[in-house]
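Have a look at structure06.txt below; it lists compact mmCIF, N, CA and C atoms.
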# COMPACT_ATOMS: atom_id res chain seq x y z
N MET D 87 145.15 89.26 100.09
CA MET D 87 143.71 89.34 100.07
C MET D 87 143.21 90.36 101.09
N LYS D 88 143.86 90.37 102.26
CA LYS D 88 143.47 91.33 103.28
C LYS D 88 143.70 92.76 102.81
N GLN D 89 144.78 92.97 102.09
CA GLN D 89 145.10 94.31 101.61
C GLN D 89 144.08 94.80 100.59
N ILE D 90 143.60 93.91 99.75
CA ILE D 90 142.58 94.28 98.77
C ILE D 90 141.28 94.64 99.48
N LEU D 91 140.90 93.87 100.47
CA LEU D 91 139.69 94.15 101.23
C LEU D 91 139.79 95.50 101.96
N VAL D 92 140.95 95.76 102.56
CA VAL D 92 141.15 97.03 103.25
C VAL D 92 141.11 98.18 102.25
N PHE D 93 141.72 98.01 101.08
CA PHE D 93 141.69 99.04 100.06
C PHE D 93 140.27 99.34 99.61
N ILE D 94 139.48 98.31 99.35
CA ILE D 94 138.08 98.51 98.92
C ILE D 94 137.29 99.22 100.01
N LEU D 95 137.47 98.82 101.25
CA LEU D 95 136.77 99.47 102.36
C LEU D 95 137.20 100.93 102.48
N PHE D 96 138.50 101.18 102.38
CA PHE D 96 139.00 102.54 102.47
C PHE D 96 138.49 103.40 101.31
N ALA D 97 138.51 102.85 100.10
CA ALA D 97 138.03 103.59 98.93
C ALA D 97 136.54 103.92 99.07
N THR D 98 135.76 102.98 99.57
CA THR D 98 134.32 103.22 99.76
C THR D 98 134.09 104.33 100.78
N MET D 99 134.79 104.26 101.89
CA MET D 99 134.63 105.29 102.92
C MET D 99 135.09 106.66 102.40
N LEU D 100 136.18 106.68 101.65
CA LEU D 100 136.67 107.93 101.10
C LEU D 100 135.65 108.56 100.15
N CYS D 101 135.07 107.75 99.28
CA CYS D 101 134.03 108.24 98.36
C CYS D 101 132.84 108.77 99.13
N TRP D 102 132.44 108.05 100.17
CA TRP D 102 131.28 108.49 100.95
C TRP D 102 131.57 109.82 101.63
N PHE D 103 132.75 109.97 102.21
CA PHE D 103 133.10 111.23 102.87
C PHE D 103 133.19 112.38 101.88
N MET D 104 133.61 112.10 100.66
CA MET D 104 133.76 113.15 99.66
C MET D 104 132.41 113.60 99.09
N PHE D 105 131.52 112.65 98.84
CA PHE D 105 130.29 112.98 98.13
C PHE D 105 129.07 113.14 99.02
N ALA D 106 129.12 112.74 100.26
CA ALA D 106 127.97 112.87 101.16
C ALA D 106 127.51 114.32 101.30
N PRO D 107 128.41 115.29 101.49
CA PRO D 107 127.94 116.67 101.62
C PRO D 107 127.28 117.19 100.35
N VAL D 108 127.70 116.71 99.19
CA VAL D 108 127.15 117.20 97.93
C VAL D 108 125.68 116.83 97.79
N TYR D 109 125.35 115.56 97.96
CA TYR D 109 123.96 115.18 97.75
C TYR D 109 123.07 115.62 98.90
N LYS D 110 123.64 115.83 100.09
CA LYS D 110 122.84 116.37 101.18
C LYS D 110 122.42 117.81 100.85
N HIS D 111 123.28 118.55 100.15
CA HIS D 111 122.91 119.89 99.71
C HIS D 111 121.81 119.83 98.66
N VAL D 112 121.82 118.81 97.83
CA VAL D 112 120.75 118.64 96.85
C VAL D 112 119.41 118.49 97.56
N ILE D 113 119.39 117.71 98.62
CA ILE D 113 118.15 117.51 99.39
C ILE D 113 117.70 118.82 100.01
N ILE D 114 118.64 119.57 100.58
CA ILE D 114 118.29 120.85 101.21
C ILE D 114 117.75 121.83 100.18
N VAL D 115 118.37 121.88 99.01
CA VAL D 115 117.91 122.80 97.96
C VAL D 115 116.53 122.38 97.45
N ARG D 116 116.31 121.09 97.24
CA ARG D 116 114.98 120.64 96.80
C ARG D 116 113.91 120.99 97.81
N GLN D 117 114.20 120.79 99.08
CA GLN D 117 113.25 121.13 100.12
C GLN D 117 112.94 122.62 100.12
N ALA D 118 113.96 123.44 99.95
CA ALA D 118 113.77 124.90 99.93
C ALA D 118 112.95 125.33 98.72
N VAL D 119 113.20 124.72 97.56
CA VAL D 119 112.43 125.06 96.36
C VAL D 119 110.97 124.65 96.52
N LEU D 120 110.73 123.48 97.12
CA LEU D 120 109.35 123.05 97.38
C LEU D 120 108.64 124.05 98.29
N GLN D 121 109.32 124.47 99.38
CA GLN D 121 108.69 125.41 100.31
C GLN D 121 108.45 126.76 99.66
N LYS D 122 109.36 127.21 98.83
CA LYS D 122 109.18 128.50 98.15
C LYS D 122 107.98 128.44 97.21
N GLU D 123 107.82 127.32 96.51
CA GLU D 123 106.69 127.17 95.59
C GLU D 123 105.36 127.11 96.35
N VAL D 124 105.34 126.43 97.49
CA VAL D 124 104.13 126.38 98.32
C VAL D 124 103.76 127.79 98.78
N ASP D 125 104.74 128.53 99.26
CA ASP D 125 104.48 129.90 99.71
C ASP D 125 103.96 130.77 98.58
N TYR D 126 104.54 130.62 97.39
CA TYR D 126 104.11 131.41 96.23
C TYR D 126 102.66 131.07 95.85
N LEU D 127 102.35 129.78 95.76
CA LEU D 127 100.98 129.39 95.40
C LEU D 127 99.96 129.85 96.43
N LEU D 128 100.32 129.78 97.69
CA LEU D 128 99.40 130.27 98.73
C LEU D 128 99.22 131.78 98.65
N GLU D 129 100.28 132.49 98.34
CA GLU D 129 100.17 133.95 98.20
C GLU D 129 99.24 134.32 97.06
N ILE D 130 99.36 133.63 95.94
CA ILE D 130 98.50 133.89 94.79
C ILE D 130 97.09 133.39 95.04
N GLY D 131 96.97 132.17 95.55
CA GLY D 131 95.65 131.56 95.72
C GLY D 131 94.79 132.20 96.80
N ALA D 132 95.41 132.73 97.84
CA ALA D 132 94.63 133.28 98.95
C ALA D 132 94.47 134.80 98.85
N ASN D 133 94.86 135.39 97.73
CA ASN D 133 94.75 136.85 97.63
C ASN D 133 93.29 137.27 97.43
N GLY D 134 93.07 138.57 97.37
CA GLY D 134 91.72 139.11 97.29
C GLY D 134 90.99 138.83 95.99
N ARG D 135 91.69 138.42 94.94
CA ARG D 135 91.05 138.15 93.65
C ARG D 135 90.74 136.68 93.42
N HIS D 136 91.39 135.78 94.15
CA HIS D 136 91.22 134.36 93.86
C HIS D 136 90.44 133.61 94.94
N GLY D 137 91.07 133.29 96.05
CA GLY D 137 90.41 132.51 97.09
C GLY D 137 90.40 131.03 96.78
N TYR D 138 91.25 130.57 95.90
CA TYR D 138 91.33 129.16 95.52
C TYR D 138 92.68 128.88 94.86
N ILE D 139 93.02 127.63 94.79
CA ILE D 139 94.18 127.17 94.02
C ILE D 139 93.62 126.12 93.06
N ASN D 140 93.51 126.47 91.79
CA ASN D 140 92.88 125.54 90.84
C ASN D 140 93.92 124.74 90.06
N SER D 141 93.44 123.88 89.18
CA SER D 141 94.32 123.00 88.42
C SER D 141 95.22 123.76 87.45
N THR D 142 94.79 124.91 86.96
CA THR D 142 95.63 125.73 86.09
C THR D 142 96.85 126.25 86.85
N MET D 143 96.62 126.73 88.07
CA MET D 143 97.73 127.20 88.90
C MET D 143 98.70 126.06 89.21
N ILE D 144 98.15 124.89 89.47
CA ILE D 144 98.99 123.73 89.77
C ILE D 144 99.81 123.33 88.55
N GLN D 145 99.20 123.38 87.37
CA GLN D 145 99.94 123.04 86.15
C GLN D 145 101.06 124.04 85.89
N GLU D 146 100.79 125.33 86.12
CA GLU D 146 101.84 126.34 85.97
C GLU D 146 102.97 126.10 86.98
N SER D 147 102.59 125.68 88.18
CA SER D 147 103.58 125.36 89.20
C SER D 147 104.44 124.17 88.77
N LYS D 148 103.81 123.16 88.21
CA LYS D 148 104.57 122.00 87.72
C LYS D 148 105.54 122.39 86.62
N ASP D 149 105.12 123.32 85.77
CA ASP D 149 106.02 123.80 84.71
C ASP D 149 107.22 124.54 85.31
N ARG D 150 106.98 125.38 86.33
CA ARG D 150 108.08 126.08 87.00
C ARG D 150 109.02 125.09 87.68
N MET D 151 108.45 124.07 88.30
CA MET D 151 109.26 123.08 88.99
C MET D 151 110.07 122.24 87.99
N ALA D 152 109.52 122.00 86.81
CA ALA D 152 110.26 121.26 85.78
C ALA D 152 111.48 122.06 85.33
N GLU D 153 111.37 123.38 85.31
CA GLU D 153 112.51 124.22 84.95
C GLU D 153 113.63 124.12 85.98
N ARG D 154 113.27 123.74 87.20
CA ARG D 154 114.26 123.61 88.28
C ARG D 154 114.76 122.17 88.45
N GLY D 155 114.35 121.28 87.54
CA GLY D 155 114.88 119.93 87.57
C GLY D 155 113.98 118.88 88.19
N PHE D 156 112.79 119.25 88.62
CA PHE D 156 111.86 118.28 89.18
C PHE D 156 111.13 117.56 88.06
N ILE D 157 110.67 116.35 88.33
CA ILE D 157 109.85 115.61 87.37
C ILE D 157 108.40 115.95 87.68
N PRO D 158 107.69 116.66 86.77
CA PRO D 158 106.35 117.14 87.07
C PRO D 158 105.36 116.04 87.46
N GLY D 159 105.47 114.87 86.88
CA GLY D 159 104.55 113.79 87.19
C GLY D 159 104.70 113.23 88.59
N ASP D 160 105.85 113.49 89.23
CA ASP D 160 106.10 112.98 90.58
C ASP D 160 105.65 113.94 91.68
N LEU D 161 105.31 115.17 91.30
CA LEU D 161 104.85 116.15 92.29
C LEU D 161 103.39 115.87 92.64
N VAL D 162 103.08 115.91 93.94
CA VAL D 162 101.72 115.71 94.41
C VAL D 162 101.30 116.95 95.19
N TYR D 163 100.16 117.52 94.82
CA TYR D 163 99.62 118.72 95.45
C TYR D 163 98.34 118.34 96.19
N THR D 164 98.21 118.79 97.43
CA THR D 164 97.00 118.56 98.22
C THR D 164 96.52 119.90 98.74
N VAL D 165 95.32 120.29 98.33
CA VAL D 165 94.73 121.58 98.74
C VAL D 165 93.59 121.29 99.71
N ASN D 166 93.59 121.96 100.86
CA ASN D 166 92.54 121.81 101.87
C ASN D 166 92.17 123.18 102.41
N THR D 167 91.08 123.21 103.15
CA THR D 167 90.68 124.43 103.85
C THR D 167 90.37 124.09 105.30
N THR D 168 90.31 125.10 106.14
CA THR D 168 90.01 124.87 107.55
C THR D 168 88.55 124.54 107.79
N THR D 169 87.68 124.89 106.85
CA THR D 169 86.25 124.62 107.03
C THR D 169 85.80 123.36 106.31
N GLY D 170 86.69 122.73 105.55
CA GLY D 170 86.32 121.54 104.81
C GLY D 170 85.77 121.83 103.42
N VAL D 171 85.60 123.11 103.08
CA VAL D 171 85.15 123.50 101.75
C VAL D 171 86.26 123.19 100.77
N ARG D 172 85.91 122.78 99.58
CA ARG D 172 86.93 122.48 98.58
C ARG D 172 87.63 123.77 98.16
N GLY D 173 88.93 123.80 98.21
CA GLY D 173 89.70 125.01 97.92
C GLY D 173 90.20 125.10 96.50
N MET D 174 89.65 124.26 95.59
CA MET D 174 90.14 124.26 94.21
C MET D 174 89.09 124.70 93.20
N ASP D 175 87.96 125.14 93.66
CA ASP D 175 86.86 125.48 92.76
C ASP D 175 86.78 126.99 92.56
N PRO D 176 87.06 127.49 91.34
CA PRO D 176 86.96 128.93 91.09
C PRO D 176 85.53 129.45 91.22
N GLY D 177 84.55 128.56 91.06
CA GLY D 177 83.15 128.98 91.19
C GLY D 177 82.73 129.19 92.63
N MET D 178 83.44 128.58 93.57
CA MET D 178 83.15 128.73 95.00
C MET D 178 84.45 129.04 95.75
N PRO D 179 84.96 130.27 95.60
CA PRO D 179 86.23 130.59 96.28
C PRO D 179 86.07 130.60 97.80
N VAL D 180 87.18 130.42 98.47
CA VAL D 180 87.22 130.42 99.93
C VAL D 180 87.13 131.86 100.41
N TRP D 181 86.21 132.13 101.31
CA TRP D 181 85.98 133.49 101.78
C TRP D 181 87.05 133.93 102.77
N ARG D 182 87.10 135.23 102.96
CA ARG D 182 88.07 135.84 103.87
C ARG D 182 87.97 135.24 105.27
N GLY D 183 89.13 134.96 105.85
CA GLY D 183 89.18 134.42 107.20
C GLY D 183 89.24 132.89 107.25
N THR D 184 89.03 132.25 106.13
CA THR D 184 89.12 130.80 106.07
C THR D 184 90.54 130.42 105.65
N GLY D 185 91.11 129.44 106.32
CA GLY D 185 92.47 129.02 106.01
C GLY D 185 92.52 128.15 104.77
N LEU D 186 93.43 128.48 103.88
CA LEU D 186 93.69 127.70 102.67
C LEU D 186 95.06 127.07 102.85
N SER D 187 95.11 125.74 102.82
CA SER D 187 96.39 125.07 103.04
C SER D 187 96.79 124.27 101.80
N LEU D 188 98.08 124.15 101.63
CA LEU D 188 98.64 123.43 100.49
C LEU D 188 99.79 122.58 100.98
N LYS D 189 99.83 121.35 100.49
CA LYS D 189 100.95 120.46 100.79
C LYS D 189 101.47 119.91 99.47
N MET D 190 102.79 120.02 99.26
CA MET D 190 103.45 119.48 98.07
C MET D 190 104.42 118.42 98.51
N THR D 191 104.43 117.29 97.81
CA THR D 191 105.40 116.25 98.12
C THR D 191 106.11 115.80 96.85
N TYR D 192 107.32 115.28 97.04
CA TYR D 192 108.15 114.82 95.93
C TYR D 192 109.00 113.65 96.44
N PRO D 193 109.15 112.59 95.66
CA PRO D 193 109.92 111.43 96.15
C PRO D 193 111.41 111.73 96.26
N TYR D 194 112.07 111.00 97.14
CA TYR D 194 113.52 111.15 97.30
C TYR D 194 114.29 110.57 96.12
N HIS D 195 113.65 109.69 95.39
CA HIS D 195 114.27 108.95 94.29
C HIS D 195 115.45 108.16 94.85
N ARG D 196 116.62 108.25 94.27
CA ARG D 196 117.77 107.44 94.69
C ARG D 196 118.88 108.30 95.28
N LEU D 197 118.52 109.34 96.01
CA LEU D 197 119.53 110.23 96.56
C LEU D 197 120.36 109.61 97.68
N PHE D 198 119.82 108.58 98.32
CA PHE D 198 120.51 108.00 99.47
C PHE D 198 121.22 106.69 99.17
N VAL D 199 121.45 106.38 97.91
CA VAL D 199 122.08 105.12 97.56
C VAL D 199 123.47 105.00 98.15
N ILE D 200 124.23 106.08 98.14
CA ILE D 200 125.59 106.02 98.68
C ILE D 200 125.58 105.75 100.18
N ASP D 201 124.58 106.25 100.90
CA ASP D 201 124.45 105.94 102.33
C ASP D 201 124.17 104.46 102.53
N GLN D 202 123.35 103.91 101.67
CA GLN D 202 122.99 102.50 101.78
C GLN D 202 124.21 101.62 101.57
N LEU D 203 125.12 102.02 100.70
CA LEU D 203 126.34 101.25 100.46
C LEU D 203 127.21 101.18 101.70
N VAL D 204 127.18 102.22 102.52
CA VAL D 204 127.99 102.27 103.71
C VAL D 204 127.29 101.58 104.88
N GLY D 205 125.99 101.35 104.77
CA GLY D 205 125.27 100.65 105.82
C GLY D 205 124.33 101.51 106.63
N ILE D 206 124.13 102.74 106.23
CA ILE D 206 123.21 103.63 106.93
C ILE D 206 121.78 103.34 106.46
N THR D 207 120.84 103.35 107.38
CA THR D 207 119.45 103.14 107.03
C THR D 207 118.94 104.33 106.22
N VAL D 208 118.31 104.05 105.10
CA VAL D 208 117.85 105.11 104.19
C VAL D 208 116.33 105.09 104.10
N PRO D 209 115.73 106.19 103.65
CA PRO D 209 114.28 106.20 103.46
C PRO D 209 113.86 105.17 102.42
N SER D 210 112.68 104.63 102.59
CA SER D 210 112.18 103.63 101.62
C SER D 210 111.83 104.31 100.30
N GLY D 211 111.60 103.50 99.28
CA GLY D 211 111.30 104.02 97.96
C GLY D 211 110.00 104.81 97.90
N SER D 212 109.10 104.58 98.85
CA SER D 212 107.81 105.28 98.83
C SER D 212 107.83 106.56 99.67
N ASP D 213 108.90 106.81 100.40
CA ASP D 213 108.97 108.04 101.22
C ASP D 213 109.12 109.26 100.33
N ARG D 214 108.56 110.37 100.81
CA ARG D 214 108.58 111.60 100.02
C ARG D 214 108.98 112.77 100.91
N MET D 215 109.72 113.71 100.32
CA MET D 215 109.99 114.97 101.01
C MET D 215 108.81 115.89 100.72
N GLY D 216 108.57 116.82 101.58
CA GLY D 216 107.41 117.68 101.34
C GLY D 216 107.55 119.05 101.96
N ALA D 217 106.64 119.89 101.57
CA ALA D 217 106.54 121.24 102.11
C ALA D 217 105.06 121.55 102.26
N ALA D 218 104.73 122.30 103.28
CA ALA D 218 103.33 122.63 103.53
C ALA D 218 103.22 124.05 104.05
N GLY D 219 102.05 124.60 103.89
CA GLY D 219 101.79 125.94 104.38
C GLY D 219 100.31 126.23 104.44
N MET D 220 99.97 127.28 105.17
CA MET D 220 98.57 127.71 105.27
C MET D 220 98.54 129.23 105.27
N LYS D 221 97.54 129.76 104.61
CA LYS D 221 97.35 131.21 104.57
C LYS D 221 95.86 131.48 104.66
N MET D 222 95.52 132.51 105.37
CA MET D 222 94.11 132.90 105.47
C MET D 222 93.70 133.60 104.18
N SER D 223 92.58 133.20 103.67
CA SER D 223 92.08 133.78 102.43
C SER D 223 91.71 135.24 102.64
N GLU D 224 91.94 136.03 101.61
CA GLU D 224 91.59 137.46 101.65
C GLU D 224 90.46 137.77 100.66
N TYR D 225 89.86 136.73 100.09
CA TYR D 225 88.84 136.92 99.07
C TYR D 225 87.56 137.47 99.70
N VAL D 226 87.06 138.55 99.10
CA VAL D 226 85.77 139.14 99.49
C VAL D 226 85.00 139.39 98.20
N PRO D 227 83.81 138.81 98.06
CA PRO D 227 83.04 139.01 96.81
C PRO D 227 82.61 140.44 96.59

For this file, write the structure as structure tokens.
Amino acid sequence: MKQILVFILFATMLCWFMFAPVYKHVIIVRQAVLQKEVDYLLEIGANGRHGYINSTMIQESKDRMAERGFIPGDLVYTVNTTTGVRGMDPGMPVWRGTGLSLKMTYPYHRLFVIDQLVGITVPSGSDRMGAAGMKMSEYVP
């Protein structure tokens, strides 16, 4: 009986050591893709022709993220400005010199299940990874 218990413990630890680096890379890649998308949306939204990030841009972003394996319904976008003006209205774009910020979040889903099996504390089901950025608007009417 002791030998079976030792075998199960050894097999579990071996699996964890083998697969832990793989899913940690998945987390790193997801984080990098989120940050790249935030930077891209800010570059487009804060340029001299726009001054906003509207729902059409967000939907196009969700489509791009779906191509990379993200679930579009789980992505959350938060657009703010430094002056408190709404940054999503094409009728009232953010003027030059005002900061336009964007925050994107995505849930971890079940990426840490293998850590939980070994006894490591994992993020809760409601925790989300995210990326954020701010760019000064270049819009001039």

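Here CA of Val112 in chain D stands at a distance of 21.2 Å from CA of Tyr163 in chain D.
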
Every residue of chain D that DSSP places in strand (DSSP E), as a PyMOL selection string: chain D and resi 162-167+185-193+214-222

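If you look at atom N of Ala218 in chain D and atom N of Ala118 in chain D, they are 9.9 Å away from each other.
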
6 Å contact set for Val226 in chain D, all atoms listed in the file, chain neighbours under 5 positions out, as a list in words: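 Non-adjacent residues within range: Gly134, Trp181 and Arg182 of chain D.
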
Straight-line distance linking CA of Val92 in chain D with CA of Met104 in chain D, stated in Å to one decimal: 18.1 Å

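Distances to Val180 in chain D were evaluated for D:Met215, D:Ala132, D:Ile157, D:Leu197 using all atoms listed in the file, and the minimum falls at D:Ala132.
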
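Considering only C-alpha atoms, the residue among D:Gly205, D:Pro179, D:Pro193, D:Gly219 positioned nearest to Leu161 in chain D is D:Pro193.
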
Residues within 7 Å of (97.4, 119.9, 100.8), counting all atoms listed in the file, listed as a PyMOL selection string: chain D and resi 163-166+187-190

Counting only N, CA and C atoms, the residue of D:Lys148, D:Ile94, D:Gly211, D:Arg172 that sits nearest Arg196 in chain D: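 That would be D:Gly211, the residue with the smallest distance to Arg196 in chain D.
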
Alpha helix (DSSP H) positions in range 97-186 of chain D, given as a ChimeraX atom specification: /D:97-131,141-153

Residue contacts of Ser141 in chain D (8 Å, all atoms listed in the file) excluding same-chain residues fewer than 3 positions away, as a PyMOL selection string: chain D and resi 138+144-147+174-176

Residue list as a list of chain:residue names for point (97.8, 131.7, 104.0), cut-off 8 Å, only N, CA and C atoms: D:Leu128, D:Glu129, D:Gly131, D:Ala132, D:Asn133, D:Thr184, D:Gly185, D:Leu186, D:Ser187, D:Leu188, D:Gly219, D:Met220, D:Lys221, D:Met222, D:Ser223, D:Glu224

Best match for closeness to Cys101 in chain D among D:Pro227, D:Ala217, D:Leu203, D:Gly159, counting only C-alpha atoms: D:Leu203

Residue nearest Ser210 in chain D - candidates D:Tyr194, D:Trp102, D:Tyr126, D:Phe156, atoms counted: only N, CA and C atoms: D:Tyr194
